[in-house]
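The next block is entry.json, given as JSON, C-alpha atoms.
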```json
[["chain", "number", "residue", "atom", "x", "y", "z"],
["A", 1, "ASP", "CA", -8.35, 97.34, -121.07],
["A", 2, "ASP", "CA", -9.60, 96.25, -117.64],
["A", 3, "TYR", "CA", -10.55, 97.76, -114.29],
["A", 4, "LEU", "CA", -7.32, 97.23, -112.32],
["A", 5, "PRO", "CA", -5.19, 99.63, -114.41],
["A", 6, "ALA", "CA", -7.97, 102.23, -114.19],
["A", 7, "LEU", "CA", -8.20, 101.87, -110.40],
["A", 8, "GLU", "CA", -4.41, 101.86, -110.11],
["A", 9, "GLY", "CA", -4.15, 105.03, -112.20],
["A", 10, "MET", "CA", -6.73, 106.75, -110.00],
["A", 11, "TYR", "CA", -5.07, 105.51, -106.82],
["A", 12, "ASN", "CA", -1.70, 106.86, -108.02],
["A", 13, "LYS", "CA", -3.32, 110.21, -108.98],
["A", 14, "ARG", "CA", -2.73, 109.74, -112.72],
["A", 15, "CYS", "CA", -6.44, 110.30, -113.35],
["A", 16, "LEU", "CA", -9.26, 111.85, -111.34],
["A", 17, "ALA", "CA", -12.01, 109.27, -111.77],
["A", 18, "THR", "CA", -12.97, 106.01, -113.39],
["A", 19, "ILE", "CA", -16.27, 104.33, -114.11],
["A", 20, "VAL", "CA", -16.57, 100.91, -112.50],
["A", 21, "GLY", "CA", -19.58, 98.62, -112.69],
["A", 22, "LYS", "CA", -21.55, 97.86, -109.53],
["A", 23, "ASN", "CA", -20.51, 94.20, -109.46],
["A", 24, "GLU", "CA", -16.89, 94.97, -110.26],
["A", 25, "TRP", "CA", -16.82, 97.60, -107.48],
["A", 26, "ARG", "CA", -18.15, 95.00, -105.06],
["A", 27, "LEU", "CA", -15.63, 92.35, -106.14],
["A", 28, "LEU", "CA", -12.48, 94.42, -106.70],
["A", 29, "VAL", "CA", -12.73, 97.26, -104.21],
["A", 30, "LYS", "CA", -14.96, 96.07, -101.37],
["A", 31, "GLY", "CA", -14.39, 92.33, -101.74],
["A", 32, "GLY", "CA", -10.67, 92.49, -102.41],
["A", 33, "ILE", "CA", -10.90, 89.84, -105.10],
["A", 34, "GLY", "CA", -8.66, 90.20, -108.10],
["A", 35, "ALA", "CA", -5.19, 90.39, -109.51],
["A", 36, "GLY", "CA", -3.70, 91.68, -112.69],
["A", 37, "THR", "CA", -0.85, 93.64, -114.19],
["A", 38, "VAL", "CA", -0.22, 97.32, -114.80],
["A", 39, "CYS", "CA", 2.34, 98.76, -117.19],
["A", 40, "VAL", "CA", 4.85, 100.83, -115.20],
["A", 41, "ASP", "CA", 7.31, 101.41, -118.02],
["A", 42, "PRO", "CA", 8.29, 105.12, -117.96],
["A", 43, "THR", "CA", 8.12, 105.32, -121.76],
["A", 44, "ASP", "CA", 4.49, 104.13, -121.84],
["A", 45, "THR", "CA", 2.05, 106.77, -120.61],
["A", 46, "ARG", "CA", -1.14, 104.77, -121.16],
["A", 47, "GLY", "CA", -1.01, 102.78, -117.90],
["A", 48, "ASN", "CA", -2.86, 99.78, -119.30],
["A", 49, "SER", "CA", -2.45, 96.19, -118.13],
["A", 50, "ALA", "CA", 0.04, 95.54, -120.93],
["A", 51, "CYS", "CA", 2.65, 97.93, -122.26],
["A", 52, "GLU", "CA", 2.68, 99.12, -125.84],
["A", 53, "ASP", "CA", 6.17, 97.68, -126.08],
["A", 54, "PRO", "CA", 5.91, 93.89, -125.52],
["A", 55, "ASN", "CA", 9.15, 94.05, -123.51],
["A", 56, "GLY", "CA", 7.91, 96.92, -121.32],
["A", 57, "LEU", "CA", 8.02, 96.75, -117.53],
["A", 58, "VAL", "CA", 4.79, 95.53, -115.89],
["A", 59, "ARG", "CA", 3.95, 95.19, -112.21],
["A", 60, "LYS", "CA", 1.63, 92.61, -110.70],
["A", 61, "VAL", "CA", -1.23, 94.08, -108.65],
["A", 62, "GLU", "CA", -2.66, 91.56, -106.21],
["A", 63, "ILE", "CA", -5.65, 93.01, -104.36],
["A", 64, "GLY", "CA", -6.60, 89.77, -102.70],
["A", 65, "GLY", "CA", -5.19, 86.29, -102.46],
["A", 66, "CYS", "CA", -1.69, 87.44, -101.59],
["A", 67, "ARG", "CA", 0.20, 85.28, -99.09],
["A", 68, "CYS", "CA", 2.79, 86.52, -96.63],
["A", 69, "LYS", "CA", 6.13, 84.75, -96.41],
["A", 70, "ASP", "CA", 5.09, 83.85, -92.88],
["A", 71, "THR", "CA", 1.80, 82.08, -93.64],
["A", 72, "THR", "CA", 0.49, 82.62, -90.09],
["A", 73, "ILE", "CA", 0.27, 86.39, -90.69],
["A", 74, "ASN", "CA", -2.68, 88.18, -92.26],
["A", 75, "PRO", "CA", -1.79, 89.88, -95.61],
["A", 76, "SER", "CA", -2.75, 93.29, -94.16],
["A", 77, "ASP", "CA", 0.01, 92.81, -91.53],
["A", 78, "CYS", "CA", 2.81, 92.24, -94.05],
["A", 79, "PRO", "CA", 2.85, 95.25, -96.40],
["A", 80, "LYS", "CA", 6.27, 94.32, -97.81],
["A", 81, "ASP", "CA", 4.95, 90.98, -99.07],
["A", 82, "CYS", "CA", 1.45, 92.20, -100.04],
["A", 83, "PRO", "CA", 1.63, 95.95, -100.83],
["A", 84, "ASP", "CA", -1.63, 95.97, -102.79],
["A", 85, "HIS", "CA", -3.80, 94.06, -100.30],
["A", 86, "LEU", "CA", -7.16, 95.92, -100.08],
["A", 87, "LYS", "CA", -5.45, 99.15, -101.13],
["A", 88, "TYR", "CA", -8.51, 100.62, -102.85],
["A", 89, "CYS", "CA", -10.72, 100.67, -99.72],
["A", 90, "SER", "CA", -10.01, 104.40, -99.31],
["A", 91, "VAL", "CA", -11.36, 105.23, -102.79],
["A", 92, "LEU", "CA", -14.58, 107.25, -102.61],
["A", 93, "GLU", "CA", -17.57, 105.85, -104.47],
["A", 94, "VAL", "CA", -19.68, 108.44, -106.28],
["A", 95, "PHE", "CA", -23.00, 106.81, -106.99],
["A", 96, "ASP", "CA", -25.27, 108.31, -109.63],
["A", 97, "PRO", "CA", -28.69, 106.64, -109.78],
["A", 98, "ASN", "CA", -29.41, 108.46, -113.05],
["A", 99, "PHE", "CA", -26.46, 106.84, -114.81],
["A", 100, "GLN", "CA", -27.47, 103.39, -116.03],
["A", 101, "TYR", "CA", -25.38, 101.95, -118.81],
["A", 102, "TYR", "CA", -25.43, 98.31, -119.82],
["A", 103, "MET", "CA", -23.18, 96.67, -122.35],
["A", 104, "ASN", "CA", -24.22, 93.32, -123.71],
["A", 105, "PHE", "CA", -20.74, 92.16, -124.64],
["A", 106, "ALA", "CA", -21.00, 88.52, -123.53],
["A", 107, "LEU", "CA", -24.30, 87.52, -125.09],
["A", 108, "PRO", "CA", -24.07, 87.49, -128.87],
["A", 109, "VAL", "CA", -27.19, 85.92, -130.35],
["A", 110, "SER", "CA", -28.54, 85.26, -133.79],
["A", 111, "SER", "CA", -30.79, 87.98, -135.19],
["A", 112, "ALA", "CA", -33.61, 85.40, -135.32],
["A", 113, "LEU", "CA", -33.37, 84.97, -131.51],
["A", 114, "GLU", "CA", -32.63, 88.59, -130.60],
["A", 115, "GLN", "CA", -36.21, 89.59, -129.71],
["A", 116, "TYR", "CA", -36.81, 86.48, -127.61],
["A", 117, "VAL", "CA", -33.57, 86.74, -125.66],
["A", 118, "SER", "CA", -34.10, 90.47, -125.16],
["A", 119, "ALA", "CA", -37.61, 89.84, -123.83],
["A", 120, "TRP", "CA", -36.26, 87.14, -121.50],
["A", 121, "VAL", "CA", -33.58, 89.50, -120.12],
["A", 122, "LEU", "CA", -36.18, 92.22, -119.50],
["A", 123, "PHE", "CA", -38.51, 89.71, -117.84],
["A", 124, "ALA", "CA", -35.66, 88.52, -115.57],
["A", 125, "ARG", "CA", -34.76, 92.10, -114.60],
["A", 126, "GLN", "CA", -38.36, 93.11, -113.88],
["A", 127, "GLY", "CA", -39.07, 89.95, -111.90],
["A", 128, "GLY", "CA", -36.07, 90.49, -109.64],
["A", 129, "VAL", "CA", -34.24, 87.41, -110.90],
["A", 130, "THR", "CA", -31.09, 89.36, -111.73],
["A", 131, "MET", "CA", -31.00, 90.93, -108.24],
["A", 132, "ARG", "CA", -31.39, 87.52, -106.60],
["A", 133, "LEU", "CA", -28.59, 86.12, -108.75],
["A", 134, "ARG", "CA", -26.40, 89.12, -107.91],
["A", 135, "GLN", "CA", -27.08, 88.55, -104.21],
["A", 136, "LYS", "CA", -26.21, 84.86, -104.52],
["A", 137, "TYR", "CA", -23.18, 85.00, -106.80],
["A", 138, "VAL", "CA", -21.62, 88.42, -106.12],
["A", 139, "GLU", "CA", -22.54, 89.70, -102.68],
["A", 140, "GLN", "CA", -22.35, 86.39, -100.82],
["A", 141, "VAL", "CA", -19.15, 85.35, -102.58],
["A", 142, "SER", "CA", -17.39, 88.64, -101.85],
["A", 143, "PRO", "CA", -18.14, 89.96, -98.37],
["A", 144, "ASN", "CA", -17.06, 93.51, -97.63],
["A", 145, "MET", "CA", -13.38, 93.28, -96.62],
["A", 146, "CYS", "CA", -12.81, 97.02, -96.17],
["A", 147, "GLY", "CA", -14.02, 97.17, -92.59],
["A", 148, "ASP", "CA", -17.01, 99.43, -93.21],
["A", 149, "GLU", "CA", -19.69, 96.81, -92.60],
["A", 150, "GLU", "CA", -22.09, 99.37, -91.11],
["A", 151, "ALA", "CA", -22.21, 101.22, -94.41],
["A", 152, "ASP", "CA", -22.51, 97.95, -96.28],
["A", 153, "GLN", "CA", -25.53, 96.88, -94.23],
["A", 154, "ALA", "CA", -27.18, 100.28, -94.53],
["A", 155, "GLY", "CA", -27.53, 100.01, -98.30],
["A", 156, "ASP", "CA", -25.64, 100.42, -101.53],
["A", 157, "ASP", "CA", -25.64, 104.20, -101.61],
["A", 158, "SER", "CA", -25.39, 105.00, -97.90],
["A", 159, "GLN", "CA", -21.84, 106.40, -98.04],
["A", 160, "SER", "CA", -21.80, 107.46, -101.63],
["A", 161, "LEU", "CA", -22.45, 110.89, -103.07],
["A", 162, "ASP", "CA", -24.51, 111.46, -106.16],
["A", 163, "LEU", "CA", -23.30, 113.84, -108.87],
["A", 164, "LYS", "CA", -25.55, 116.72, -107.72],
["A", 165, "SER", "CA", -24.09, 116.51, -104.21],
["A", 166, "MET", "CA", -20.56, 116.44, -105.60],
["A", 167, "ALA", "CA", -21.26, 119.47, -107.79],
["A", 168, "GLY", "CA", -22.81, 121.30, -104.84],
["A", 169, "THR", "CA", -19.74, 120.60, -102.74],
["A", 170, "PHE", "CA", -17.47, 122.10, -105.39],
["A", 171, "VAL", "CA", -19.69, 125.16, -105.87],
["A", 172, "ILE", "CA", -19.83, 125.88, -102.13],
["A", 173, "SER", "CA", -16.08, 125.30, -101.73],
["A", 174, "GLY", "CA", -15.37, 127.56, -104.70],
["A", 175, "THR", "CA", -17.60, 130.30, -103.27],
["A", 176, "PHE", "CA", -15.76, 130.22, -99.95],
["A", 177, "MET", "CA", -12.39, 130.31, -101.69],
["A", 178, "LEU", "CA", -13.36, 133.33, -103.79],
["A", 179, "ALA", "CA", -14.89, 135.23, -100.88]]
```

Would you mind giving the structure from this file in structure tokens?
Amino acid sequence: DDYLPALEGMYNKRCLATIVGKNEWRLLVKGGIGAGTVCVDPTDTRGNSACEDPNGLVRKVEIGGCRCKDTTINPSDCPKDCPDHLKYCSVLEVFDPNFQYYMNFALPVSSALEQYVSAWVLFARQGGVTMRLRQKYVEQVSPNMCGDEEADQAGDDSQSLDLKSMAGTFVISGTFMLA
């Protein structure tokens, strides 16, 4: 499915965590860019963007781009008109620098070109081309709308916890609860 139902399920406490790509996190959560649907039919427990039953009840989730009935008002000041506006800003990011997973789903190439394209992608990553493109087309297009600009300027992982820190927090909390 897509990221919005996963974020919506986590926000509504239907699941504990979801894995979101770095660019998608920047666009959907911090940038407030995106809209989609979530199945809210009580008979469908999957929570995907479309219900298993084609006639199932879906709800539109509009993180950004929502307009108030009174167009002079900011969407964050009209929660009845825009209930989903920047709603995921409170979600905690757990950043794990050891977890690097890349899926090459949008670049199918002929087997004759596979080695050349693969070498080109590696060359672009090592030369910093991909980071410059990310800066130009993701970070500048989607400024941080969540109001935590200080954290945004301090670096990507300034307010995030890695998995070791999260595990340590649970171990210490568990020790205090048992004592």

Checklist entry - Can you tell me, as number ranges by chain, what residues are no more than 8 Å from stretch 35-46 of chain A when counting only C-alpha atoms, ignoring any on the same chain fewer than 4 positions away? => result A: 4-5, 8, 50-53, 56-64

Checklist outcome for this item: Of A:Ser111, A:Cys89, A:Gly127, A:Thr18, the one nearest to A:Gly31 when counting only C-alpha atoms is A:Cys89

Centre and size of axis-aligned box enclosing stretch 7-19 of chain A plus 8 Å each side, as lines of an AutoDock Vina configuration file:
```
center_x = -9.0
center_y = 106.9
center_z = -110.5
size_x = 30.6
size_y = 26.0
size_z = 23.3
```

Item to check | Which residue of A:Ser142, A:Thr71, A:Asn55, A:Gln126 approaches A:Gly34 most closely, using all atoms listed in the file | outcome: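 The shortest atom-to-atom distance to A:Gly34 comes from A:Ser142.
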
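What separates atom CA of A:Gly32 from atom CA of A:Leu86 is a distance of 5.4 Å.
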
Next on the checklist: One decimal, in Å: what's the spacing between atom CA of A:Met145 and atom CA of A:Val29?
Outcome noted: 8.6 Å

Checklist entry - From the list A:His85, A:Lys13, A:Lys22, A:Lys30, which residue is nearest A:Met131 when using all atoms listed in the file? => result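 Distance minimum relative to A:Met131 lands on A:Lys22.
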
Checklist entry - Between atom CA of A:Tyr3 and atom CA of A:Glu24, what is the spacing in Å? => result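 Pair atom CA of A:Glu24 / atom CA of A:Tyr3 returns 8.0 Å.
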
Item to check | Distance criterion (only C-alpha atoms): nearest to A:Ile19 out of A:Val141, A:Leu113, A:Val129, A:Leu7 | outcome: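 With only C-alpha atoms as the atom set, the closest residue is A:Leu7.
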
Checklist entry - Which one is closest to A:Leu27: A:Gly174, A:Tyr137, A:Val94, A:Gly147? Count only C-alpha atoms. => result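 Of all the options, A:Tyr137 lies closest to A:Leu27.
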
Item to check | Within 9 Å of A:Glu139 using only C-alpha atoms, minus same-chain residues under 4 positions, as a count of residues only | outcome: 8

Checklist outcome for this item: Counting all atoms listed in the file, closest pick from A:Gly65, A:Asp70, A:Gly128, A:Lys87 relative to A:Ile33 is A:Gly65

Incomplete stretch 56-67 of chain A filled out to N, CA, C and O atoms as a PDB file, in the coordinates of the input:
```pdb
ATOM      1  N   GLY A  56       8.035  95.880-122.334  1.00  0.00           N
ATOM      2  CA  GLY A  56       7.910  96.920-121.320  1.00  0.00           C
ATOM      3  C   GLY A  56       7.749  96.344-119.916  1.00  0.00           C
ATOM      4  O   GLY A  56       7.336  95.195-119.726  1.00  0.00           O
ATOM      5  N   LEU A  57       8.049  97.160-118.928  1.00  0.00           N
ATOM      6  CA  LEU A  57       8.020  96.750-117.530  1.00  0.00           C
ATOM      7  C   LEU A  57       6.584  96.759-117.006  1.00  0.00           C
ATOM      8  O   LEU A  57       5.892  97.783-117.079  1.00  0.00           O
ATOM      9  N   VAL A  58       6.117  95.626-116.501  1.00  0.00           N
ATOM     10  CA  VAL A  58       4.790  95.530-115.890  1.00  0.00           C
ATOM     11  C   VAL A  58       4.937  95.139-114.427  1.00  0.00           C
ATOM     12  O   VAL A  58       5.925  94.526-114.035  1.00  0.00           O
ATOM     13  N   ARG A  59       3.953  95.521-113.627  1.00  0.00           N
ATOM     14  CA  ARG A  59       3.950  95.190-112.210  1.00  0.00           C
ATOM     15  C   ARG A  59       2.679  94.431-111.893  1.00  0.00           C
ATOM     16  O   ARG A  59       1.603  94.796-112.338  1.00  0.00           O
ATOM     17  N   LYS A  60       2.798  93.388-111.105  1.00  0.00           N
ATOM     18  CA  LYS A  60       1.630  92.610-110.700  1.00  0.00           C
ATOM     19  C   LYS A  60       0.923  93.351-109.561  1.00  0.00           C
ATOM     20  O   LYS A  60       1.557  93.792-108.613  1.00  0.00           O
ATOM     21  N   VAL A  61      -0.395  93.488-109.691  1.00  0.00           N
ATOM     22  CA  VAL A  61      -1.230  94.080-108.650  1.00  0.00           C
ATOM     23  C   VAL A  61      -2.095  92.961-108.105  1.00  0.00           C
ATOM     24  O   VAL A  61      -2.896  92.385-108.834  1.00  0.00           O
ATOM     25  N   GLU A  62      -1.934  92.660-106.836  1.00  0.00           N
ATOM     26  CA  GLU A  62      -2.660  91.560-106.210  1.00  0.00           C
ATOM     27  C   GLU A  62      -3.498  92.122-105.066  1.00  0.00           C
ATOM     28  O   GLU A  62      -3.018  92.306-103.955  1.00  0.00           O
ATOM     29  N   ILE A  63      -4.772  92.417-105.366  1.00  0.00           N
ATOM     30  CA  ILE A  63      -5.650  93.010-104.360  1.00  0.00           C
ATOM     31  C   ILE A  63      -5.988  92.020-103.266  1.00  0.00           C
ATOM     32  O   ILE A  63      -6.018  92.347-102.096  1.00  0.00           O
ATOM     33  N   GLY A  64      -6.271  90.817-103.652  1.00  0.00           N
ATOM     34  CA  GLY A  64      -6.600  89.770-102.700  1.00  0.00           C
ATOM     35  C   GLY A  64      -5.899  88.487-103.094  1.00  0.00           C
ATOM     36  O   GLY A  64      -5.407  88.340-104.201  1.00  0.00           O
ATOM     37  N   GLY A  65      -5.805  87.562-102.173  1.00  0.00           N
ATOM     38  CA  GLY A  65      -5.190  86.290-102.460  1.00  0.00           C
ATOM     39  C   GLY A  65      -3.687  86.268-102.260  1.00  0.00           C
ATOM     40  O   GLY A  65      -3.037  85.257-102.474  1.00  0.00           O
ATOM     41  N   CYS A  66      -3.127  87.386-101.834  1.00  0.00           N
ATOM     42  CA  CYS A  66      -1.690  87.440-101.590  1.00  0.00           C
ATOM     43  C   CYS A  66      -1.377  86.675-100.296  1.00  0.00           C
ATOM     44  O   CYS A  66      -2.173  86.662 -99.365  1.00  0.00           O
ATOM     45  N   ARG A  67      -0.240  86.031-100.268  1.00  0.00           N
ATOM     46  CA  ARG A  67       0.200  85.280 -99.090  1.00  0.00           C
ATOM     47  C   ARG A  67       1.498  85.882 -98.565  1.00  0.00           C
ATOM     48  O   ARG A  67       2.420  86.164 -99.328  1.00  0.00           O
TER      49      ARG A  67
END
```
